[in-house]
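So this one's structure-v9.cif, mmCIF, C-alpha atoms:
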```cif
data_structure
loop_
_atom_site.label_atom_id
_atom_site.label_comp_id
_atom_site.auth_asym_id
_atom_site.auth_seq_id
_atom_site.Cartn_x
_atom_site.Cartn_y
_atom_site.Cartn_z
CA PRO A 57 132.26 -50.13 45.92
CA ALA A 58 134.43 -47.07 46.33
CA MET A 59 138.08 -48.02 46.42
CA ALA A 60 141.09 -45.74 46.32
CA GLU A 61 142.99 -45.77 43.05
CA ALA A 62 146.73 -46.28 43.07
CA THR A 63 148.86 -43.82 41.15
CA ALA A 64 152.43 -44.40 40.06
CA PRO A 65 155.20 -43.35 42.44
CA GLU A 66 157.06 -40.23 41.40
CA LYS A 67 160.46 -41.82 41.87
CA LYS A 68 161.37 -45.18 40.37
CA THR A 69 164.62 -46.79 39.38
CA THR A 70 165.19 -48.45 36.03
CA ALA A 71 165.01 -51.77 37.85
CA GLY A 72 161.44 -51.01 38.89
CA ALA A 73 162.07 -50.66 42.62
CA THR A 74 161.30 -47.64 44.77
CA ASP A 75 163.02 -46.19 47.77
CA GLY A 76 161.02 -48.34 50.16
CA PRO A 77 158.41 -47.33 52.75
CA THR A 78 158.53 -43.64 51.78
CA SER A 79 156.79 -44.63 48.54
CA PHE A 80 153.62 -45.75 50.31
CA PRO A 81 151.74 -42.43 50.24
CA ALA A 82 151.85 -42.60 46.43
CA LEU A 83 150.36 -46.09 46.38
CA VAL A 84 146.86 -44.99 47.33
CA ALA A 85 145.55 -42.04 45.36
CA ASP A 86 145.60 -38.31 44.75
CA SER A 87 142.68 -35.91 44.73
CA LYS A 88 142.02 -36.53 41.03
CA SER A 89 141.71 -40.30 41.28
CA SER A 90 138.44 -42.10 40.69
CA ALA A 91 136.69 -43.81 43.56
CA THR A 92 133.82 -45.20 41.56
CA GLY A 93 135.47 -48.53 40.85
CA ASP A 94 134.37 -48.41 37.20
CA GLY A 95 137.74 -47.40 35.81
CA ASP A 96 136.53 -44.16 34.20
CA GLY A 97 139.19 -42.09 35.92
CA GLU A 98 136.76 -39.22 36.60
CA GLY A 99 135.73 -37.66 39.86
CA ALA A 100 137.50 -37.32 43.18
CA VAL A 101 138.17 -39.93 45.82
CA ASP A 102 136.11 -39.43 48.93
CA LYS A 103 138.53 -38.04 51.50
CA LYS A 104 137.40 -40.43 54.23
CA THR A 105 137.87 -43.42 51.93
CA LEU A 106 141.29 -42.12 50.93
CA ASP A 107 142.31 -41.60 54.53
CA ARG A 108 141.19 -45.11 55.48
CA ALA A 109 143.12 -46.62 52.55
CA ARG A 110 146.21 -44.71 53.58
CA GLY A 111 145.66 -45.95 57.11
CA VAL A 112 145.90 -49.55 55.89
CA LEU A 113 149.26 -48.80 54.32
CA MET A 114 150.52 -46.85 57.30
CA GLY A 115 149.46 -49.74 59.53
CA LEU A 116 151.45 -52.10 57.33
CA MET A 117 154.52 -49.93 57.81
CA ALA A 118 154.01 -49.53 61.55
CA GLY A 119 153.55 -53.26 62.08
CA ASP A 120 156.69 -54.26 60.19
CA ARG A 121 159.49 -54.60 62.73
CA ASN A 122 162.14 -55.82 60.30
CA GLY A 123 161.46 -54.14 56.93
CA GLY A 124 161.18 -57.15 54.64
CA PRO A 125 157.37 -57.39 54.30
CA VAL A 126 157.13 -53.66 53.59
CA ARG A 127 159.72 -53.95 50.81
CA MET A 128 157.74 -56.80 49.29
CA ALA A 129 154.51 -54.80 49.61
CA VAL A 130 156.11 -51.92 47.72
CA ARG A 131 157.04 -54.22 44.85
CA LEU A 132 153.58 -55.76 44.83
CA SER A 133 152.05 -52.28 44.79
CA GLU A 134 154.21 -51.15 41.88
CA SER A 135 153.03 -54.13 39.89
CA LEU A 136 149.39 -53.34 40.70
CA ILE A 137 149.91 -49.76 39.63
CA GLU A 138 151.72 -50.46 36.38
CA ARG A 139 149.59 -53.42 35.29
CA LYS A 140 146.30 -52.09 36.65
CA GLY A 141 145.58 -55.45 38.22
CA PHE A 142 147.15 -58.46 39.89
CA PHE A 143 149.40 -60.63 37.70
CA SER A 144 151.14 -63.24 39.82
CA GLU A 145 153.98 -64.08 37.42
CA GLU A 146 154.96 -60.44 37.12
CA VAL A 147 154.82 -59.97 40.89
CA SER A 148 156.98 -63.05 41.38
CA LYS A 149 159.53 -61.64 38.95
CA ARG A 150 159.78 -58.50 41.05
CA TYR A 151 160.28 -60.59 44.19
CA GLN A 152 162.94 -62.60 42.42
CA ASN A 153 164.77 -59.46 41.31
CA TRP A 154 164.70 -58.19 44.88
CA PHE A 155 166.12 -61.51 46.02
CA LYS A 156 168.93 -61.19 43.47
CA GLY A 157 169.73 -57.59 44.40
CA PRO A 158 171.56 -55.03 42.24
CA PRO A 159 171.53 -54.58 39.31
CA ALA A 160 168.23 -56.48 39.04
CA ASP A 161 166.80 -54.34 41.86
CA SER A 162 167.90 -51.27 43.77
CA GLU A 163 168.49 -53.27 46.93
CA LYS A 164 169.08 -56.83 48.15
CA ALA A 165 166.35 -58.76 49.97
CA PHE A 166 166.68 -58.95 53.76
CA ASP A 167 164.69 -60.08 56.82
CA THR A 168 162.23 -62.03 54.68
CA GLY A 169 162.06 -65.22 56.69
CA GLY A 170 163.41 -68.60 55.68
CA THR A 171 160.50 -69.60 53.45
CA PHE A 172 160.92 -66.74 51.00
CA TRP A 173 164.68 -67.21 50.95
CA ASN A 174 164.50 -70.93 50.30
CA VAL A 175 161.80 -70.63 47.63
CA TYR A 176 163.63 -68.01 45.58
CA SER A 177 166.94 -69.81 46.01
CA LEU A 178 165.33 -72.77 44.22
CA VAL A 179 163.71 -70.53 41.62
CA GLY A 180 167.09 -68.98 40.95
CA ARG A 181 168.47 -72.45 40.26
CA GLY A 182 165.83 -73.02 37.61
CA MET A 183 163.03 -74.71 39.52
CA LYS A 184 159.48 -73.68 38.61
CA GLN A 185 157.80 -71.40 41.12
CA ALA A 186 155.03 -73.79 42.13
CA ASP A 187 157.47 -76.67 42.51
CA ALA A 188 159.82 -74.55 44.62
CA VAL A 189 157.00 -73.55 46.97
CA LYS A 190 155.85 -77.17 47.39
CA THR A 191 159.43 -78.40 47.87
CA VAL A 192 160.10 -75.91 50.67
CA PHE A 193 156.76 -76.70 52.29
CA SER A 194 157.37 -80.46 52.19
CA SER A 195 160.63 -80.02 54.05
CA SER A 196 159.29 -77.70 56.75
CA ASN A 197 155.47 -77.90 56.82
CA GLY A 198 155.64 -74.29 57.94
CA ILE A 199 152.59 -72.04 58.04
CA GLY A 200 154.14 -68.58 57.87
CA ILE A 201 152.44 -65.16 57.98
CA ASN A 202 154.54 -62.97 55.65
CA ALA A 203 151.88 -62.99 52.94
CA ALA A 204 149.15 -61.74 55.29
CA HIS A 205 151.40 -58.77 56.04
CA ARG A 206 152.74 -57.82 52.63
CA SER A 207 149.59 -58.50 50.59
CA SER A 208 147.26 -56.19 52.51
CA VAL A 209 147.90 -53.59 49.80
CA LEU A 210 145.61 -55.69 47.58
CA ALA A 211 142.70 -54.46 49.70
CA ALA A 212 143.42 -50.85 48.70
CA CYS A 213 143.64 -51.56 44.98
CA ARG A 214 140.51 -50.55 43.08
CA PHE A 215 141.59 -52.67 40.11
CA ILE A 216 140.69 -55.75 42.16
CA SER A 217 136.98 -56.28 42.73
CA ASP A 218 135.45 -57.67 45.91
CA GLU A 219 134.83 -60.93 44.09
CA GLU A 220 138.44 -61.16 42.91
CA LEU A 221 140.10 -60.16 46.18
CA PRO A 222 140.05 -63.53 48.02
CA ALA A 223 141.53 -65.42 45.06
CA ALA A 224 144.15 -62.71 44.51
CA ALA A 225 145.23 -62.87 48.16
CA LYS A 226 145.43 -66.67 48.03
CA THR A 227 147.43 -66.68 44.80
CA GLU A 228 149.83 -64.02 46.08
CA CYS A 229 150.37 -66.05 49.25
CA HIS A 230 151.17 -69.17 47.26
CA LEU A 231 154.08 -67.38 45.60
CA THR A 232 155.97 -68.28 48.77
CA HIS A 233 153.78 -70.17 51.26
CA HIS A 234 151.90 -73.37 50.42
CA HIS A 235 150.05 -74.03 53.68
CA GLY A 236 146.28 -73.47 53.55
CA LEU A 237 146.31 -71.55 56.82
CA SER A 238 148.83 -69.09 55.40
CA ALA A 239 146.46 -68.37 52.52
CA ALA A 240 143.44 -68.18 54.83
CA ALA A 241 145.22 -65.60 56.98
CA ALA A 242 146.11 -63.51 53.92
CA VAL A 243 142.52 -63.67 52.66
CA ALA A 244 141.13 -62.72 56.08
CA VAL A 245 143.44 -59.73 56.46
CA ASN A 246 142.59 -58.41 53.01
CA LEU A 247 138.84 -58.79 53.50
CA ILE A 248 139.01 -57.04 56.87
CA CYS A 249 141.13 -54.22 55.44
CA ARG A 250 138.79 -53.71 52.50
CA ALA A 251 135.78 -53.58 54.81
CA LEU A 252 137.52 -50.95 56.94
CA ILE A 253 138.46 -48.92 53.86
CA ARG A 254 134.82 -48.98 52.79
CA GLY A 255 133.82 -47.61 56.20
CA GLU A 256 132.47 -50.77 57.81
CA THR A 257 133.20 -51.55 61.43
CA LEU A 258 135.94 -53.94 62.46
CA GLU A 259 133.30 -56.40 63.66
CA GLU A 260 131.61 -56.32 60.26
CA GLY A 261 134.93 -56.88 58.51
CA VAL A 262 135.82 -59.80 60.74
CA LYS A 263 132.46 -61.47 60.13
CA ARG A 264 132.87 -60.96 56.39
CA ALA A 265 136.32 -62.56 56.52
CA ALA A 266 135.16 -65.53 58.63
CA ALA A 267 132.33 -66.21 56.16
CA SER A 268 134.62 -66.33 53.14
CA LYS A 269 134.89 -69.78 51.52
CA LEU A 270 138.68 -69.58 51.64
CA VAL A 271 138.63 -68.90 55.39
CA SER A 272 135.59 -70.77 56.71
CA GLY A 273 137.14 -74.13 55.80
CA HIS A 274 139.79 -73.63 58.50
CA PRO A 275 138.17 -73.96 61.96
CA ARG A 276 141.25 -72.66 63.80
CA MET A 277 141.27 -69.53 61.67
CA VAL A 278 137.55 -68.92 62.18
CA ALA A 279 137.96 -69.49 65.93
CA SER A 280 140.72 -66.89 66.05
CA LEU A 281 138.44 -64.35 64.35
CA LEU A 282 135.09 -64.89 66.05
CA PRO A 283 134.26 -65.06 69.79
CA PRO A 284 133.58 -68.64 70.93
CA LYS A 285 130.01 -69.80 71.31
CA GLU A 286 128.79 -71.37 74.52
CA ASP A 287 129.54 -75.10 74.79
CA GLN A 288 131.41 -74.99 71.49
CA PRO A 289 134.23 -77.57 71.38
CA ALA A 290 137.70 -76.32 70.61
CA PRO A 291 138.68 -76.76 66.93
CA PRO A 292 141.30 -79.37 66.15
CA PRO A 293 144.94 -78.27 65.99
CA PRO A 294 146.39 -77.56 62.56
CA PRO A 295 148.03 -80.53 60.82
#
```
Could you show the structure in this file as structure tokens?
Amino acid sequence: PAMAEATAPEKKTTAGATDGPTSFPALVADSKSSATGDGDGEGAVDKKTLDRARGVLMGLMAGDRNGGPVRMAVRLSESLIERKGFFSEEVSKRYQNWFKGPPADSEKAFDTGGTFWNVYSLVGRGMKQADAVKTVFSSSNGIGINAAHRSSVLAACRFISDEELPAAAKTECHLTHHHGLSAAAAVAVNLICRALIRGETLEEGVKRAAASKLVSGHPRMVASLLPPKEDQPAPPPPP
């Protein structure tokens, strides 16, 4: 399917961080980018597809009331651009550098929420990433929605196929949030965004998300996406 290709931002620091939300227009594509999805780098992106992909990123910016998720999305996007794909360890390293602040990154992490802060505090003390995420989850049992916000840039990345997108969104979520509903929300948002970028309706995107294996196993998530059926019992509350 036609996806917009990301091109490297014009301005980067030696630490690998950009100047924040102003970098987003460069994360989608220029008029010479390929939209074929085959990696040949030839041809022009369809303008409507490009505009819709930019709309996803602009929506991410507009919906961020504190700045932290957008900063994380920028770092995720830079990794996608430079590596031409999603590599979770490399993305986590960028998040960790942002948590540390200068000189590891151009700025210090802020307004991230307690889960991110606690996870990377443990990682900074030498705990393995997966263990840190599980440790923080076991002490709070929090669901959290940061990943669904920051990771929506995955939907605009043509280096990630439709088949790979759900797993990529889940893995990216688990860099900070362990709860299954957190991952399901991130998967749903990415599938909806990709459907919209492709030109499908919102209803079509929502149905696609609700049918995903990583979403359909969570009745509360499905119920929040689809209109209730007649005489359908309410799904059980999350654990």
**Request:** List every protein, DNA or RNA residue that has at least one atom no more than 12 Å from (132.9, -60.8, 46.8) in the file's coordinates, counting all atoms listed in the file, and write the result as a count of residues only.
**Result:** 21
To test the calculation: enclose all listed atoms of region 146-160 of chain A in a box whose edges run along x, y and z, add 4 Å on each side, then state centre and edge lengths in Å to one decimal, as lines of an AutoDock Vina configuration file.
```
center_x = 163.2
center_y = -58.8
center_z = 41.6
size_x = 24.7
size_y = 16.5
size_z = 16.9
```
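If you look at CA of Gly236 (chain A) and CA of Lys156 (chain A), they are 27.7 Å away from each other.
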**Message:** So, with only C-alpha atoms as the atoms that count, which of A:Met277, A:Ala109, A:Lys140, A:Ser238 lies closest to Ile201 (chain A)?
**Reply:**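 The shortest atom-to-atom distance to Ile201 (chain A) comes from A:Ser238.
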**Request:** Rank A:Arg127, A:Arg254, A:Lys263, A:Arg276 by their smallest atom-to-atom distance to Lys104 (chain A), using all atoms listed in the file, and report the top residue only.
**Result:** A:Arg254
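The neighbours of His205 (chain A) here are the residues that come within 9 Å of it, using only C-alpha atoms and leaving out any residue fewer than 4 positions away in the same chain; they are Leu116, Gly119, Asp120, Pro125, Val126, Ala129, Ile201, Val209, Ala242 and Val245 of chain A.
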**Asked** Please, what distance in Å, to one decimal, runs between CA of Leu237 (chain A) and CA of Ile199 (chain A)?
**Response** 6.4 Å
**Message:** Can you pull out the residues contacting Gln185 (chain A)? Cut-off 9 Å, using only C-alpha atoms, and skip same-chain residues under 6 positions away; I want them as a PyMOL selection string.
**Reply:** chain A and resi 148+175-176+178-179+231-232
Hey, can you spit out that residue selection with C-alpha atoms as a CSV table (one decimal), in the frame of the given file?
```csv
chain,number,residue,atom,x,y,z
A,148,SER,CA,157.0,-63.0,41.4
A,175,VAL,CA,161.8,-70.6,47.6
A,176,TYR,CA,163.6,-68.0,45.6
A,178,LEU,CA,165.3,-72.8,44.2
A,179,VAL,CA,163.7,-70.5,41.6
A,231,LEU,CA,154.1,-67.4,45.6
A,232,THR,CA,156.0,-68.3,48.8
```
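Interatomic distance, CA of Glu138 (chain A) to CA of Thr227 (chain A): 18.8 Å.
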**Prompt:** Nearest to Glu134 (chain A): which of A:Leu210, A:Pro158, A:Ser272, A:Lys184 is it, counting only C-alpha atoms?
**Reply:**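 Closest to Glu134 (chain A) of all the choices is A:Leu210.
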**Asked** Which residues come within 12 Å of Glu259 (chain A), counting all atoms listed in the file, excluding same-chain residues fewer than 6 positions away, as a list in words?
**Response** Leu247, Ile248, Cys249, Ala251, Leu252, Ala265, Ala266, Leu281, Leu282 and Pro283 of chain A
**Contacts of Thr105 (chain A) within 7 Å, all atoms listed in the file, excl. fewer than 2 positions in-chain, as number ranges by chain** = A: 60, 102-103, 107-109, 253-254
**Request:** Between A:His235, A:Arg150, A:Lys190, A:Val130, single out the one closest to Met117 (chain A), counting all atoms listed in the file.
**Result:**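 Once distances to Met117 (chain A) are computed over all atoms listed in the file, the minimum belongs to A:Val130.
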**Prompt:** Which is closest to Arg131 (chain A) among A:Ser280, A:Ser195, A:Ser207, A:Thr257, if we use only C-alpha atoms?
**Reply:**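 Under the stated criterion, the closest residue is A:Ser207.
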